[in-house]
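J.: Got a structure here, written out as structure tokens. Questions coming.
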Amino acid sequence: MKNNTAYMVNDTAYTENNTIDTNRYTFKDFLLSTGGKIGMIAVFYVVIWGIMLAFINIGSSPLMFAYIAIFTYFGWKALNRITPDLFVWMPLKGWLIYFLIKFILSIIIGMFVAPFQIAKMITSTIQKNIA
């Protein structure tokens with residue numbers, strides 16, 4: 001029976017006969033993998049969403065303004081990705097209605113997109129620092 005005693009040197013696993021242990025899969029490897037990225041994004045999304053809901057339930061006026069601004073920013077960016085890059089000639093009333101609807105939709109869409117985008121930013125920062 002083989003004794004597979006391994007030891008670590010500078011984040012590299014070696015077996016007792018000084019060969020690199022290629023079967024060792026570390027937590028760092030998992031975090032750098034696609035599954036790790038998806039897992040981190042999911043966890044951070046839930047945490048950020050929970051924090052946002054907790055502070056929204058408090059109902060502080062300056063905090064609500066900050067959340068609406070964050071939701072609007074990320075929602076507006078998401079809507080810009082799906083709307084065509086065409087310029088349409090409309091009267092002023094048409095543009096006011098267009099921007100009012102887009103503003104309201106950006107807040108609603110931003111409630112779901114903002115935690116995802118923030119989680120993606122945190123995850124990519126973690127992955128850059130680990131690698």
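Labeling convention for the structure tokens: chains A, B, ... as they appear, residues from 1 per chain, ligands from 1 in order of appearance.
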Identify, with DSSP run on backbone atoms, the residues in chain A assigned to helix (DSSP H, G or I), and express the list as a PyMOL selection string.

T.: chain A and resi 27-32+34-58+61-82+92-130

J.: Nearest to Phe116 in chain A among A:Met90, A:Leu79, A:Ile41, A:Leu96, with distances taken over only C-alpha atoms: which residue is it?

T.: A:Ile41

J.: So which one's closest to Ala78 in chain A, A:Ala114, A:Ile56, A:Val43, A:Leu31? Using only C-alpha atoms, please.

T.: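 Closest to Ala78 in chain A of all the choices is A:Ala114.
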
J.: Enumerate as a tab-separated table (two decimals) with C-alpha atoms, in the first residue's frame all residues of chain A assigned to strand (DSSP E) by DSSP on the backbone, naming them with the chain letters and numbers the document uses.

T.:
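The resulting out.tsv:
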```
chain	number	residue	atom	x	y	z
A	6	ALA	CA	2.05	15.30	0.60
A	7	TYR	CA	3.61	18.54	1.73
A	8	MET	CA	3.31	22.09	0.46
A	9	VAL	CA	6.09	24.44	-0.71
A	12	THR	CA	2.77	23.58	-4.74
A	13	ALA	CA	1.95	20.12	-3.40
A	14	TYR	CA	4.73	17.53	-3.42
A	15	THR	CA	4.55	13.82	-2.63
```

J.: Would you please work out which residue, of A:Ile82, A:Leu32, A:Ile107, A:Val46, is nearest to Ala66 in chain A when using only C-alpha atoms?

T.: A:Ile107
